[in-house]
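Participant: Could you have a look at this structure, given as C-alpha cells, before my questions?
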Amino acid sequence: SGVSIGGYHCGIFLQTGGESIHKSMSLAGANGGTCYYTVLGGTTKMVGKKGDYTAVMGNGGHLYVTVQGKASFFSIADSNYGIVYNCSNANQDDTAVYNLNDGGVFECAKFFLYKDSYKSTYPLIINFNGGILRTCGGYERIFCEGTLMPKVVVYEKGIQVDNADVRNLSNQSVPLDGIREGGILSIALPEGGVSGFYAAPRVNIAGDGDGASAIALVDSRTATVTNILVTSHGWGYSPETTTVTLRYYTKVKYTVPKTNVVIGDNVVGGFTKLGSKIFSLYCTNTYARWTRVMGGTLKAIAKGALTFNGDVEASGDSKWQPTTGGDTTYAVVLEGYSVSVNGSLTSTSTSTSSAGRNYIKSTGGDITIAGDLGAKG
C-alpha cells in the first residue's frame, strides 16, 4: 500500500539497499509538512493504475526527493501522470526539489504542475549532478505541463536523459541552466559528530538562495549525527544570510556554525543524450562544457541564435532509424538563425549506416565553430 511521508509534520525515508514497492500517492509533503525521500542504494518502485498521482503536494508542503549512486533506481511506472506536483490551494508556499546525482536513475512519465499560482519563486526544482532521467510514458514535453514551468539546473557531473523505449522528447519552454554563483558546497560537523539524535533530524537550510538540500546521517547506536550529506548545492546563497540547523520538525536541536558552511561557485556540467529516439533542445540553455550524443538523434532548434558552450560530440551508435524506413537522419542537428559552437563539433559514430552525421543550418546568420569540425558523411 502507499505511505504518506510528511503529511503534516516532517517525515524522512532513507533507503540504502534492497527493494521497496509503494502504490501511487505515496510521497506527500502537505499541510505545512516536509517529506524527505532519499534513495542511496537499491530500488524503489511506485506502481499504480493509469491516471494515479505519485507525489502530492499542497497547502504549504515541502518535498525533497534524492536518487544518488549507481545502485539507485527510482521507478515510477504504470502511471499516466508520473510525478505530479499538486497544490490543492493556489498561492501557497509549496516547494518540491528533485535531485538526480552520481548515476542514480529516476524514471517517470513526466513532471506536472497542477496549479497556476504559488508564492514560491520556484515551486518545482529539478537538480542534475550526474543522474539519469529515464522516461516511461508517451509525453514529449517531459519537464512541463500548463503555464508553470519547473527550474532545471545542471551541476558539475551533468544531466543525462534516456528515452530509449518511448517517443521522442523535448525540453520545450524549460531551459537547462547552469548557475555558478552561491552554491552550498559542504556542511561540516565538529569532530565526532553531534550527539543526542536517536533518529535522523531535518537539515533546514535557510537563506537568500534556492534549490539546496541536505540530509543527516545518523549512527543510531550512539545517537549521533556523523555527517551531513549535501544532496544539492543550490544557488544564490551568501555566507551572511545562510543558516543551517538540525531540527525535529520545527524545534531547533543544533545550529551549524557559519564557518562550517562552505559557500562558493558551482561547477557547471554538460548534457548527455542516451537512448535511440530523438531529443529536441529548445530555449537558451546555459549548461556548459559538453553536449554528448550516445544514441539516437539530438536536435537543437532555435528561432533566434543557437549557442553551445562547449564541445558537441556524437559517438557510439548515434543514429535514429525512422519507422517509415530509409536512412535520412543525423546524430546531431543544429538549426537556428545563427549557430555557434564554442568548442568542437565531431561525430565518431560506430554505426555502419550513413547515420551518425552532423547537420548544421543557419537561416540568416553565421555558423561559427570555435574548435575542430569532424563531420561523418
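Each chain of the C-alpha cells is named A, B, ... in the order shown, its residues numbered from 1; ligands are numbered from 1 in display order.
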Ile301 of chain A: which residues within 9 Å, counting only C-alpha atoms, same-chain residues fewer than 2 positions away excluded, as a list of chain:residue names?

Facilitator: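 Near neighbours after the sequence-gap exclusion: A:Ser280, A:Leu281, A:Tyr282, A:Cys283, A:Lys299, A:Lys303, A:Gly304, A:Leu306, A:Val333, A:Leu334, A:Glu335, A:Gly336.
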
Participant: Grab the residues selected above and save them as a CSV table (one decimal), in the first residue's frame with N, CA and C atoms.

Facilitator:
chain,number,residue,atom,x,y,z
A,280,SER,N,14.9,16.8,-28.5
A,280,SER,CA,14.9,18.2,-29.1
A,280,SER,C,15.2,19.2,-28.0
A,281,LEU,N,16.3,20.0,-28.2
A,281,LEU,CA,16.7,21.0,-27.3
A,281,LEU,C,16.1,22.3,-27.8
A,282,TYR,N,15.3,23.0,-26.9
A,282,TYR,CA,14.8,24.3,-27.2
A,282,TYR,C,15.4,25.3,-26.2
A,283,CYS,N,15.0,26.5,-26.3
A,283,CYS,CA,15.3,27.6,-25.3
A,283,CYS,C,16.8,28.0,-25.4
A,299,LYS,N,18.4,17.1,-31.6
A,299,LYS,CA,18.0,18.2,-32.4
A,299,LYS,C,18.0,19.4,-31.5
A,303,LYS,N,14.5,29.7,-32.8
A,303,LYS,CA,14.1,30.7,-33.7
A,303,LYS,C,15.1,31.9,-33.8
A,304,GLY,N,15.9,32.0,-32.8
A,304,GLY,CA,17.0,33.0,-32.8
A,304,GLY,C,18.3,32.4,-32.9
A,306,LEU,N,21.5,30.2,-31.8
A,306,LEU,CA,21.7,28.9,-31.1
A,306,LEU,C,23.2,28.8,-30.7
A,333,VAL,N,21.7,17.6,-35.0
A,333,VAL,CA,21.0,18.6,-35.9
A,333,VAL,C,21.0,19.9,-35.2
A,334,LEU,N,21.7,20.9,-35.7
A,334,LEU,CA,21.8,22.2,-35.2
A,334,LEU,C,21.2,23.2,-36.2
A,335,GLU,N,20.1,23.9,-35.7
A,335,GLU,CA,19.4,24.7,-36.7
A,335,GLU,C,18.9,26.0,-36.0
A,336,GLY,N,19.3,27.2,-36.4
A,336,GLY,CA,18.9,28.4,-35.9
A,336,GLY,C,19.2,29.6,-36.8

Participant: Could you check which of A:Ser276, A:Ser186, A:Gln68, A:Thr224 is closest to Leu169 of chain A, using only C-alpha atoms?

Facilitator: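 Of A:Ser276, A:Ser186, A:Gln68, A:Thr224, the one nearest Leu169 of chain A is A:Ser276, counting only C-alpha atoms.
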
Participant: May I have the residues within 9 Å of Gly270 of chain A as a ChimeraX atom specification, using only C-alpha atoms and disregarding those fewer than 5 positions away in the same chain?

Facilitator: /A:154-160,178,287-292,310

Participant: Write out as a compact mmCIF listing (two decimals) with all heavy atoms, in the first residue's frame each polymer residue whose atoms come within 6 Å of Ile184 of chain A, counting only C-alpha atoms; drop sequence neighbours fewer than 5 positions from it.

Facilitator:
# COMPACT_ATOMS: atom_id res chain seq x y z
N HIS A 233 23.58 21.52 -4.29
CA HIS A 233 24.28 22.73 -3.87
C HIS A 233 23.38 23.97 -3.89
O HIS A 233 23.57 24.88 -3.10
CB HIS A 233 25.49 22.97 -4.77
CG HIS A 233 26.48 21.85 -4.77
ND1 HIS A 233 27.03 21.35 -3.61
CD2 HIS A 233 27.01 21.12 -5.79
CE1 HIS A 233 27.87 20.37 -3.91
NE2 HIS A 233 27.87 20.20 -5.21
N VAL A 262 30.35 25.86 3.82
CA VAL A 262 31.21 26.37 2.74
C VAL A 262 30.33 26.74 1.55
O VAL A 262 29.63 25.90 0.99
CB VAL A 262 32.26 25.33 2.33
CG1 VAL A 262 33.11 25.87 1.18
CG2 VAL A 262 33.14 24.96 3.52
N ILE A 263 30.38 28.02 1.18
CA ILE A 263 29.60 28.54 0.05
C ILE A 263 30.57 29.05 -1.01
O ILE A 263 31.52 29.78 -0.71
CB ILE A 263 28.66 29.66 0.51
CG1 ILE A 263 27.64 29.12 1.52
CG2 ILE A 263 27.93 30.29 -0.68
CD1 ILE A 263 26.72 30.15 2.11

Participant: For the structure I just gave you, how does DSSP split segment 265-323 of chain A - specifically, which residues are strand (DSSP E or B)? Reply as number ranges by chain.

Facilitator: A: 271-274, 278-281, 289-295, 297-301, 305-308, 310-317

Participant: Would you compute the distance between atom CA of Thr66 of chain A and atom CA of Glu240 of chain A? Give it in Å to one decimal.

Facilitator: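 Atom CA of Thr66 of chain A sits 27.3 Å away from atom CA of Glu240 of chain A.
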
Participant: Give me the residues within 10 Å of Leu185 of chain A as a list in words, counting only C-alpha atoms and dropping any in the same chain fewer than 6 places off.

Facilitator: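 Contacts, with the query itself left out: Ala212, Val230, Thr231, Ser232, His233, Gly234, Val261, Val262, Ile263, Gly264, Asp265 and Asn266 of chain A.
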
Participant: I'd like the interatomic distance between atom CA of Thr346 of chain A and atom CA of Leu274 of chain A, to a tenth of an Å.

Facilitator: 17.1 Å

Participant: Can you tell me which residues surround Ala206 of chain A at a distance of at most 10 Å, considering only C-alpha atoms, apart from same-chain residues fewer than 4 positions away, and format the answer as a count of residues only?

Facilitator: 8

Participant: Give me, as an NGL selection string, all polymer residues having an atom no more than 8 Å from Glu19 of chain A, counting only C-alpha atoms and skipping those fewer than 3 positions away in the same chain.

Facilitator: :A and (42-45)

Participant: Can you measure atom CA of Arg141 of chain A to atom CA of Leu124 of chain A for me? One decimal in Å is fine.

Facilitator: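 That distance, rounded to one decimal, is 15.5 Å.
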
Participant: For each of A:Val225, A:Ile179, A:Leu298, A:Ile21, take the minimum atom-to-atom distance to Gly209 of chain A, counting only C-alpha atoms, then give the residue where this is smallest.

Facilitator: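 The answer is A:Ile179, which sits nearest to Gly209 of chain A.
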